[in-house]
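Visitor: Please see the structure below; I have some questions.
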Amino acid sequence: MGAPVRPRSSTERPPRLGLTRTDAGPEIAVLARHASAVEVCLSTASGERRIPLRRNAHGIWWDVVPELTPGTRYGFRVHGPWAPDEGHRHNPAKLLLDPYAHAVDGEVAWAPEVYGHVVGEDGWTDPETPDDRDSAAHVPRSVVVDQNVFDWGQDTRPDVPWTEMVLYEAHVRGLTMRHPGIPEKIRGTYAALGHPALVEHLTSLGVTSLELLPIQAFTSEPALVRRGLANYWGYNSLGFFAPHAGYAAATDPQGVVDEVKGAVRALHAAGIEVILDVVYNHTAEQSVWDGPTLSFRGLDNRTYYRLDDRGRDIDVTGCGNTLDLRDPQVARMVLDSLRHWVEDFHVDGFRFDLAPALARGRDDAYDREHAFHVALEADPVLSRVKLIAEPWDVGVHGWRTGQFPAVFAEWNDRFRDTARSFWLADVGRRLHGHHGHGVRELATRIAGSADLFARDGRGPIASVNLVTAHDGYTLADLTAYEHKHNHANGEDNRDGHGDNRSWNHGVEGPTDDPEVQRHRRRSIRNLLGTLLLSPGVPMLVAGDELGRTQQGNNNAYCQDNELTWVDWDLEEWQTALLTDTTALLRLRRELALLRGPEFARYDAAPGRTRLRWFDERGEVMGEDRWNDPHRCTLTVVHDTLHHHEPVAVALLLHAGTERTTIALPDLGGVTGWDVRFSSEGAGHGAGPVPSGGVVEVDATTLTVLVARVGPGRPAGG
């Protein structure tokens with residue numbers, strides 16, 4: 001079929017992109033700035049019906065198409081120049097997804113036909129030559145759905161204050177596939193997220209905000225499919241407005257959309273926020289060398305992607321391409337997508353994958369005042385939801401922790417690395433006769449990381465503290481493996497990070513040695529206590545509270561199986577770990593002075609939390625002790641003893657390899673201390689301890705004490 005006649009350019013203002021209901025009927029608009037013609041292609045019983053879009057202005061093509069009613073499957077074909085050196089890769093033989101599609105039906109079938117350029121059966125590729133074979137039989141369809149049929153009832157956003165947030169990062173399938181309390185037919189689905197059995201676990205644990213790995217429509221990379229694997233994490237976006245159908249119990253697109261909404265409604269009813277991990281930095285189209293033409297590349301490669309002066313991708317994501325948010329229309333698409341998830345799905349916030357890639361300016365450098373950041377902060381909808389940045393990408397100068405504007409909180413990798421080093425890697429070093437890194441960096445992190453987040457009035461709640469994430473070892477594996485074991489991924493163990501700062505406690509992997517097991521479990525509790533009792537927003541990873549293992553795989557992105565699914569069949573030690581995690585979160589809720597929006601200081605004004613540091617003799621830390629690389633013991637005291645509601649909590653951190661005694665400081669107003677938590681386990685460290693008394697602790701132990709404040713004692717210490 002030849003190219004349709006290009007319509008005369010219109011002086012009209014184009015409508016909003018996507019599908020809009022108008023008095024004249026459904027109106028569809030798509031950005032294809034360099035196209036000569038655009039057709040919307042309706043799937044019919046006999047094949048395909050092509051309808052030219054007759055209006056065009058400012059690079060946007062649109063028309064009223066009465067047939068675009070709910071349930072209709074459709075795509076686009078775009079005519080235009082094939083000029084790879086100029087960034088143009090239009091190919092009307094390829095059926096394209098609508099970037100604004102609210103639902104996607106079907107999957108990509110990896111065959112040479114899905115590529116815009118010539119690709120041989122053996123993988124040989126010629127990116128300069130267009131492929132004229134029709135891709136329709138091998139690609140999914142955009143689907144029209146009705147966003148207004150779902151009954152939200154009395155749904156109310158939990159609107160959890162940042163100071164009370166406890167994030168819980170989870171995968172829809174991984175969290176629910178093996179839960180015995182969830183009916184088997186809905187395990188691994190959105191419907192399972194709202195099931196009472198799962199909701200009860202989250203609420204009893206103390207979770208306030210469920211952060212879901214990507215649920216926007218995605219596909220698996222062809223290299224994975226060839227190895228018999230699949231993209232499990234979902235960081236390979238096909239579309240930014242449609243939920244991933246593979247996670248639904250429902251089989252029709254409207255049912256998929258409504259099922260996601262039902263899960264959000266159920267979680268909201270329990271007071272739990274829903275945060276989405278979103279991937280706007282790249283798409284599943286990979287690079288012009290080896291990537292398919294599924295949507296953006298065929299619509300307008302030069303507009304949607306960052307390209308060099310030869311029309312090749314500038315890749316700061318490690319995934320082959322980078323979306324170009326320097327272009328106002330591309331930035332508009334991302335903003336429209338975010339508002340869609342807030343307004344139509346009622347989600348409460350977003351975690352931005354590889355966030356610096358979204359804010360690289362004209363010279364490709366990260367720009368803190370990038371227009372996208374300004375738009376987020378100014379938007380009346382998006383500025384009122386939770387925004388969390390993963391503050392690094394793989395481009396030049398890609399590490400930007402602490403450098404995002406105040407509208408964002410940020411994953412704090414410095415907290416992660418320092419906590420792991422103090423409790424794991426440095427302990428292993430000392431056992432081999434080497435010194436560690438001392439306590440200065442640890443003190444900075446557990447005080448809220450003011451060095452990173454104090455600028456522009458940001459407080460400790462700008463720091464999302466983490467010890468683990470989906471990417472890397474699980475918490476239990478940090479204590480059992482020093483070397484990654486990623487062979488199941490099919491990449492000869494070359495993938496995954498090498499700097500894990502883990503310690504296997506003398507044995508690599510599983511062991512029946514009860515002493516090794518005891519020490520590993522204590523290290524897990526050390527890390528949990530440090531994470532959950534530090535100022536900032538703590539993030540747990542699903543299953544870490546249960547001692548989940550991935551058998552040493554620290555890059556399980558392609559393992560959609562029991563290796564990554566949470567196992568709810570618990571041994572006794574795992575049940576005890578769940579009890580301890582719950583107790584730590586309860587203690588966090590009780591101790592508001594650990595959760596303040598402002599940094600605690602030694603010279604805090606009345607009404608503010610004071611922060612003080614002591615050595616193992618109960619003496620104030622001096623500069624020589626701060627600089628000692630052999631130092632592995634520290635006492636931190638948060639207190640409000642200098643005002644009318646006196647409270648004090650002491651954290652005793654001892655990462656030494658021998659048992660020791662720690663003298664508590666003698667603070668005015670404190671008559672004694674009660675031990676509220678010890679990583680040695682139940683029955684250890686029973687109090688009370690007198691003010692100025694001593695506590696005996698085992699090697700590598702975290703102990704938490706809360707002060708008894710006597711009546712009539714003077715304020716101050």
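Chain labels follow the order of the structure tokens: the first chain is A, the next B, and so on; residue numbering restarts at 1 in every chain, and ligands are counted from 1 in their shown order.
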Applying 9 Å and only C-alpha atoms, which residues near A:Val279 remain after dropping the ones on its own chain fewer than 4 positions away? List them as a PDB file with N, CA, C and O atoms, in the first residue's frame.
Guide:
ATOM      1  N   PRO A 214       8.860  -1.819  38.420  1.00  0.00           N
ATOM      2  CA  PRO A 214       8.057  -1.311  37.306  1.00  0.00           C
ATOM      3  C   PRO A 214       6.830  -2.149  36.967  1.00  0.00           C
ATOM      4  O   PRO A 214       6.914  -3.366  36.798  1.00  0.00           O
ATOM      5  N   GLN A 216       4.696  -0.508  34.555  1.00  0.00           N
ATOM      6  CA  GLN A 216       4.352  -0.011  33.230  1.00  0.00           C
ATOM      7  C   GLN A 216       4.705  -1.088  32.204  1.00  0.00           C
ATOM      8  O   GLN A 216       5.623  -1.886  32.407  1.00  0.00           O
ATOM      9  N   GLY A 234      11.601  -5.660  34.993  1.00  0.00           N
ATOM     10  CA  GLY A 234      10.705  -4.794  34.249  1.00  0.00           C
ATOM     11  C   GLY A 234      11.271  -3.465  33.808  1.00  0.00           C
ATOM     12  O   GLY A 234      10.524  -2.597  33.349  1.00  0.00           O
ATOM     13  N   TYR A 235      12.590  -3.288  33.898  1.00  0.00           N
ATOM     14  CA  TYR A 235      13.192  -2.020  33.487  1.00  0.00           C
ATOM     15  C   TYR A 235      13.468  -2.017  31.980  1.00  0.00           C
ATOM     16  O   TYR A 235      14.600  -1.846  31.530  1.00  0.00           O
ATOM     17  N   ASN A 236      12.418  -2.185  31.186  1.00  0.00           N
ATOM     18  CA  ASN A 236      12.556  -2.271  29.729  1.00  0.00           C
ATOM     19  C   ASN A 236      11.234  -1.840  29.099  1.00  0.00           C
ATOM     20  O   ASN A 236      10.524  -2.622  28.485  1.00  0.00           O
ATOM     21  N   SER A 237      10.921  -0.564  29.236  1.00  0.00           N
ATOM     22  CA  SER A 237       9.580  -0.048  28.980  1.00  0.00           C
ATOM     23  C   SER A 237       9.160  -0.123  27.516  1.00  0.00           C
ATOM     24  O   SER A 237       9.917   0.230  26.616  1.00  0.00           O
ATOM     25  N   PHE A 240       4.394   4.016  28.605  1.00  0.00           N
ATOM     26  CA  PHE A 240       4.440   4.684  29.897  1.00  0.00           C
ATOM     27  C   PHE A 240       3.065   4.944  30.515  1.00  0.00           C
ATOM     28  O   PHE A 240       2.973   5.449  31.627  1.00  0.00           O
ATOM     29  N   THR A 283      13.995   3.103  26.685  1.00  0.00           N
ATOM     30  CA  THR A 283      12.887   2.224  26.300  1.00  0.00           C
ATOM     31  C   THR A 283      13.429   0.884  25.826  1.00  0.00           C
ATOM     32  O   THR A 283      14.638   0.681  25.688  1.00  0.00           O
ATOM     33  N   ARG A 351       9.354   6.537  42.170  1.00  0.00           N
ATOM     34  CA  ARG A 351      10.807   6.428  42.297  1.00  0.00           C
ATOM     35  C   ARG A 351      11.364   6.416  40.881  1.00  0.00           C
ATOM     36  O   ARG A 351      11.000   5.559  40.074  1.00  0.00           O
ATOM     37  N   PHE A 352      12.233   7.378  40.543  1.00  0.00           N
ATOM     38  CA  PHE A 352      12.713   7.560  39.183  1.00  0.00           C
ATOM     39  C   PHE A 352      14.015   6.792  38.973  1.00  0.00           C
ATOM     40  O   PHE A 352      15.046   7.121  39.561  1.00  0.00           O
ATOM     41  N   ASP A 353      13.961   5.785  38.118  1.00  0.00           N
ATOM     42  CA  ASP A 353      15.135   4.995  37.779  1.00  0.00           C
ATOM     43  C   ASP A 353      16.147   5.848  37.021  1.00  0.00           C
ATOM     44  O   ASP A 353      15.778   6.585  36.100  1.00  0.00           O
ATOM     45  N   LEU A 354      17.427   5.757  37.403  1.00  0.00           N
ATOM     46  CA  LEU A 354      18.510   6.492  36.731  1.00  0.00           C
ATOM     47  C   LEU A 354      18.110   7.951  36.495  1.00  0.00           C
ATOM     48  O   LEU A 354      18.168   8.475  35.380  1.00  0.00           O
ATOM     49  N   ALA A 355      17.743   8.619  37.567  1.00  0.00           N
ATOM     50  CA  ALA A 355      17.148   9.957  37.447  1.00  0.00           C
ATOM     51  C   ALA A 355      18.038  11.008  36.791  1.00  0.00           C
ATOM     52  O   ALA A 355      17.509  11.898  36.108  1.00  0.00           O
TER      53      ALA A 355
END
Visitor: Where does DSSP see helix (DSSP H, G or I) in stretch 476-684 of chain A, if you list the residues as number ranges by chain?
Guide: A: 476-478, 487-489, 514-532, 544-546, 572-590, 592-594, 623-626
Visitor: Between A:Phe453, A:Tyr190, A:Tyr305, A:Trp423, which is the closest to A:Thr479 once you count only C-alpha atoms?
Guide: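 Among A:Phe453, A:Tyr190, A:Tyr305, A:Trp423, it is A:Trp423 that comes nearest to A:Thr479.
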Visitor: Hey, what's within 8 Å of A:Phe241 if we count only C-alpha atoms and toss same-chain stuff fewer than 5 positions away? As a compact mmCIF listing (two decimals) with N, CA, C and O atoms, in the first residue's frame, please?
Guide:
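Output contents, as saved in around.txt:
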# COMPACT_ATOMS: atom_id res chain seq x y z
N PRO A 99 2.44 5.80 22.01
CA PRO A 99 3.10 6.09 23.30
C PRO A 99 2.13 6.42 24.41
O PRO A 99 2.45 6.24 25.59
N TYR A 100 0.92 6.89 24.06
CA TYR A 100 -0.08 7.27 25.06
C TYR A 100 -1.14 6.19 25.28
O TYR A 100 -2.13 6.43 25.96
N ALA A 101 -0.92 4.99 24.75
CA ALA A 101 -1.91 3.92 24.91
C ALA A 101 -2.11 3.60 26.39
O ALA A 101 -1.14 3.39 27.12
N HIS A 102 -3.37 3.49 26.81
CA HIS A 102 -3.69 3.18 28.20
C HIS A 102 -3.71 1.68 28.48
O HIS A 102 -3.83 1.27 29.65
N ALA A 103 -3.59 0.87 27.44
CA ALA A 103 -3.49 -0.58 27.61
C ALA A 103 -2.76 -1.15 26.40
O ALA A 103 -2.80 -0.57 25.31
N GLN A 216 4.70 -0.51 34.55
CA GLN A 216 4.35 -0.01 33.23
C GLN A 216 4.71 -1.09 32.20
O GLN A 216 5.62 -1.89 32.41
N ALA A 217 3.97 -1.11 31.10
CA ALA A 217 4.14 -2.16 30.09
C ALA A 217 5.60 -2.28 29.66
O ALA A 217 6.25 -1.28 29.36
N SER A 337 2.31 11.23 31.57
CA SER A 337 2.28 9.86 32.10
C SER A 337 2.19 9.87 33.62
O SER A 337 1.38 9.15 34.22
N HIS A 340 -1.19 10.85 34.73
CA HIS A 340 -2.12 9.76 34.44
C HIS A 340 -2.14 8.75 35.59
O HIS A 340 -3.22 8.31 36.04
N TRP A 341 -0.97 8.37 36.08
CA TRP A 341 -0.91 7.39 37.16
C TRP A 341 -1.42 7.96 38.48
O TRP A 341 -2.01 7.25 39.29
Visitor: Between A:Leu563, A:Ala480, A:Leu570, A:Val675, which has the minimum distance to A:Leu587 (counting only C-alpha atoms)?
Guide: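 Ranked by minimum distance to A:Leu587, first place goes to A:Val675.
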Visitor: Can you pull out the residues contacting A:Asp308? Cut-off 12 Å, using only C-alpha atoms, and skip same-chain residues under 2 positions away; I want them as a ChimeraX atom specification.
Guide: /A:84-87,288,302,305-306,310-315,321-322,324,362-364
Visitor: Restricted to N, CA and C atoms, what would the selected residues look like written as a PDB file, in the first residue's frame?
Guide:
ATOM      1  N   PRO A  84      19.411   7.457   8.305  1.00  0.00           N
ATOM      2  CA  PRO A  84      20.006   7.143   9.604  1.00  0.00           C
ATOM      3  C   PRO A  84      21.044   8.155  10.078  1.00  0.00           C
ATOM      4  N   ASP A  85      21.868   8.697   9.178  1.00  0.00           N
ATOM      5  CA  ASP A  85      22.883   9.655   9.594  1.00  0.00           C
ATOM      6  C   ASP A  85      22.281  10.944  10.134  1.00  0.00           C
ATOM      7  N   GLU A  86      21.029  11.217   9.766  1.00  0.00           N
ATOM      8  CA  GLU A  86      20.333  12.394  10.272  1.00  0.00           C
ATOM      9  C   GLU A  86      19.381  12.043  11.419  1.00  0.00           C
ATOM     10  N   GLY A  87      19.367  10.783  11.802  1.00  0.00           N
ATOM     11  CA  GLY A  87      18.524  10.349  12.913  1.00  0.00           C
ATOM     12  C   GLY A  87      17.133   9.917  12.518  1.00  0.00           C
ATOM     13  N   VAL A 288      20.238   1.769  17.968  1.00  0.00           N
ATOM     14  CA  VAL A 288      19.948   1.666  16.533  1.00  0.00           C
ATOM     15  C   VAL A 288      20.678   0.490  15.896  1.00  0.00           C
ATOM     16  N   ARG A 302      14.517  10.905  15.931  1.00  0.00           N
ATOM     17  CA  ARG A 302      15.350  12.078  16.189  1.00  0.00           C
ATOM     18  C   ARG A 302      14.790  12.924  17.331  1.00  0.00           C
ATOM     19  N   TYR A 305      14.834  10.394  21.106  1.00  0.00           N
ATOM     20  CA  TYR A 305      16.076   9.877  21.678  1.00  0.00           C
ATOM     21  C   TYR A 305      17.226  10.869  21.561  1.00  0.00           C
ATOM     22  N   ARG A 306      18.149  10.759  22.506  1.00  0.00           N
ATOM     23  CA  ARG A 306      19.392  11.519  22.421  1.00  0.00           C
ATOM     24  C   ARG A 306      20.288  10.875  21.360  1.00  0.00           C
ATOM     25  N   ARG A 310      25.953  11.751  14.203  1.00  0.00           N
ATOM     26  CA  ARG A 310      25.854  10.730  13.154  1.00  0.00           C
ATOM     27  C   ARG A 310      24.551   9.946  13.243  1.00  0.00           C
ATOM     28  N   GLY A 311      23.652  10.391  14.126  1.00  0.00           N
ATOM     29  CA  GLY A 311      22.374   9.721  14.274  1.00  0.00           C
ATOM     30  C   GLY A 311      22.419   8.488  15.144  1.00  0.00           C
ATOM     31  N   ARG A 312      23.503   8.302  15.903  1.00  0.00           N
ATOM     32  CA  ARG A 312      23.637   7.136  16.796  1.00  0.00           C
ATOM     33  C   ARG A 312      23.224   7.524  18.217  1.00  0.00           C
ATOM     34  N   ASP A 313      22.786   6.526  18.982  1.00  0.00           N
ATOM     35  CA  ASP A 313      22.302   6.777  20.331  1.00  0.00           C
ATOM     36  C   ASP A 313      23.407   7.245  21.268  1.00  0.00           C
ATOM     37  N   ILE A 314      23.088   8.238  22.086  1.00  0.00           N
ATOM     38  CA  ILE A 314      23.918   8.601  23.231  1.00  0.00           C
ATOM     39  C   ILE A 314      23.340   7.857  24.426  1.00  0.00           C
ATOM     40  N   ASP A 315      24.089   6.908  24.942  1.00  0.00           N
ATOM     41  CA  ASP A 315      23.558   5.984  25.943  1.00  0.00           C
ATOM     42  C   ASP A 315      24.167   6.281  27.310  1.00  0.00           C
ATOM     43  N   ASN A 321      19.780   3.175  24.679  1.00  0.00           N
ATOM     44  CA  ASN A 321      19.276   4.476  24.262  1.00  0.00           C
ATOM     45  C   ASN A 321      18.952   5.318  25.488  1.00  0.00           C
ATOM     46  N   THR A 322      18.695   6.592  25.237  1.00  0.00           N
ATOM     47  CA  THR A 322      18.309   7.520  26.304  1.00  0.00           C
ATOM     48  C   THR A 322      17.221   8.435  25.774  1.00  0.00           C
ATOM     49  N   ASP A 324      15.133  11.753  25.353  1.00  0.00           N
ATOM     50  CA  ASP A 324      15.649  13.115  25.333  1.00  0.00           C
ATOM     51  C   ASP A 324      14.624  14.083  25.908  1.00  0.00           C
ATOM     52  N   ARG A 362      21.781  20.489  27.466  1.00  0.00           N
ATOM     53  CA  ARG A 362      22.249  20.559  26.084  1.00  0.00           C
ATOM     54  C   ARG A 362      23.669  20.042  25.924  1.00  0.00           C
ATOM     55  N   ASP A 363      24.499  20.205  26.936  1.00  0.00           N
ATOM     56  CA  ASP A 363      25.876  19.709  26.857  1.00  0.00           C
ATOM     57  C   ASP A 363      26.006  18.318  27.459  1.00  0.00           C
ATOM     58  N   ASP A 364      24.882  17.658  27.693  1.00  0.00           N
ATOM     59  CA  ASP A 364      24.812  16.309  28.257  1.00  0.00           C
ATOM     60  C   ASP A 364      25.214  16.245  29.726  1.00  0.00           C
TER      61      ASP A 364
END
Visitor: Extract, using only C-alpha atoms, all DNA, RNA and protein residues at most 7 Å from A:Val114, discarding same-chain residues fewer than 3 positions from it, and format them as a ChimeraX atom specification.
Guide: /A:94,110-111,135,138,292-293
Visitor: Set the distance at 9 Å and use only C-alpha atoms: which residues neighbour A:Trp162 once local chain neighbours fewer than 5 positions away are removed? I'd like the list as a list of chain:residue names.
Guide: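 What passes the distance filter is A:Lys386, A:Ile461, A:Ala462, A:Gly536, A:Val537, A:Arg595, A:Pro597.
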Visitor: Atoms to include: N, CA and C atoms. Write the selected residues as a compact mmCIF listing (two decimals), in the first residue's frame.
Guide:
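The new file result_21.txt reads:
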# COMPACT_ATOMS: atom_id res chain seq x y z
N LYS A 386 4.81 11.92 46.38
CA LYS A 386 6.16 11.57 46.77
C LYS A 386 7.03 11.38 45.50
N ILE A 461 15.00 13.78 55.98
CA ILE A 461 13.96 13.04 55.24
C ILE A 461 14.19 13.08 53.73
N ALA A 462 15.17 13.85 53.27
CA ALA A 462 15.55 13.79 51.85
C ALA A 462 16.35 12.53 51.56
N GLY A 536 15.95 9.80 58.60
CA GLY A 536 15.78 9.60 57.17
C GLY A 536 14.58 8.70 56.94
N VAL A 537 14.38 8.30 55.68
CA VAL A 537 13.28 7.42 55.32
C VAL A 537 13.86 6.03 55.07
N ARG A 595 13.01 10.64 64.06
CA ARG A 595 12.31 10.79 62.78
C ARG A 595 12.06 12.25 62.41
N PRO A 597 12.15 16.10 60.96
CA PRO A 597 12.41 16.65 59.63
C PRO A 597 13.67 17.49 59.56
Visitor: Quick one: residues within 10 Å of A:Ile446, only C-alpha atoms, excluding same-chain residues fewer than 4 positions away - as a ChimeraX atom specification?
Guide: /A:415,418-419,441-442,450,460,465,530-536,594,636
Visitor: Among the residues of stretch 473-592 of chain A, find those DSSP assigns to strand (DSSP E) from the backbone and print them as a list in words.
Guide: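 Result set for stretch 473-592 of chain A (strand (DSSP E)): Val537, Pro538, Met539, Leu540 and Val541 of chain A.
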Visitor: Please produce a file of the residues just selected, as a PDB file, in the first residue's frame, where the atoms kept are N, CA, C and O atoms.
Guide:
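Writing done, so here's again.pdb:
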ATOM      1  N   VAL A 537      14.383   8.303  55.685  1.00  0.00           N
ATOM      2  CA  VAL A 537      13.279   7.415  55.316  1.00  0.00           C
ATOM      3  C   VAL A 537      13.858   6.028  55.069  1.00  0.00           C
ATOM      4  O   VAL A 537      14.618   5.832  54.118  1.00  0.00           O
ATOM      5  N   PRO A 538      13.548   5.030  55.905  1.00  0.00           N
ATOM      6  CA  PRO A 538      14.120   3.695  55.711  1.00  0.00           C
ATOM      7  C   PRO A 538      13.399   2.931  54.614  1.00  0.00           C
ATOM      8  O   PRO A 538      12.184   3.044  54.442  1.00  0.00           O
ATOM      9  N   MET A 539      14.171   2.159  53.856  1.00  0.00           N
ATOM     10  CA  MET A 539      13.581   1.301  52.833  1.00  0.00           C
ATOM     11  C   MET A 539      13.995  -0.150  53.070  1.00  0.00           C
ATOM     12  O   MET A 539      15.181  -0.476  53.057  1.00  0.00           O
ATOM     13  N   LEU A 540      13.010  -0.990  53.291  1.00  0.00           N
ATOM     14  CA  LEU A 540      13.209  -2.435  53.370  1.00  0.00           C
ATOM     15  C   LEU A 540      12.941  -3.051  51.998  1.00  0.00           C
ATOM     16  O   LEU A 540      12.137  -2.537  51.224  1.00  0.00           O
ATOM     17  N   VAL A 541      13.593  -4.156  51.712  1.00  0.00           N
ATOM     18  CA  VAL A 541      13.311  -4.908  50.492  1.00  0.00           C
ATOM     19  C   VAL A 541      12.492  -6.131  50.873  1.00  0.00           C
ATOM     20  O   VAL A 541      12.792  -6.812  51.867  1.00  0.00           O
TER      21      VAL A 541
END
Visitor: Nearest to A:Cys632 among A:Ser678, A:Thr660, A:Thr671, A:Thr575, with distances taken over only C-alpha atoms: which residue is it?
Guide: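 Between A:Ser678, A:Thr660, A:Thr671, A:Thr575, the residue approaching A:Cys632 most closely is A:Thr660.
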Visitor: Counting only C-alpha atoms, which of A:Leu652, A:Val709, A:Leu527, A:Leu585 gets nearest to A:Val694?
Guide: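 Counting only C-alpha atoms, the residue closest to A:Val694 is A:Leu652.
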Visitor: Which residue out of A:Pro222, A:Pro130, A:Gly59, A:Gly206 has the minimum interatomic distance to A:Arg586 when only C-alpha atoms are used?
Guide: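 Result for the nearest residue to A:Arg586: A:Gly206.
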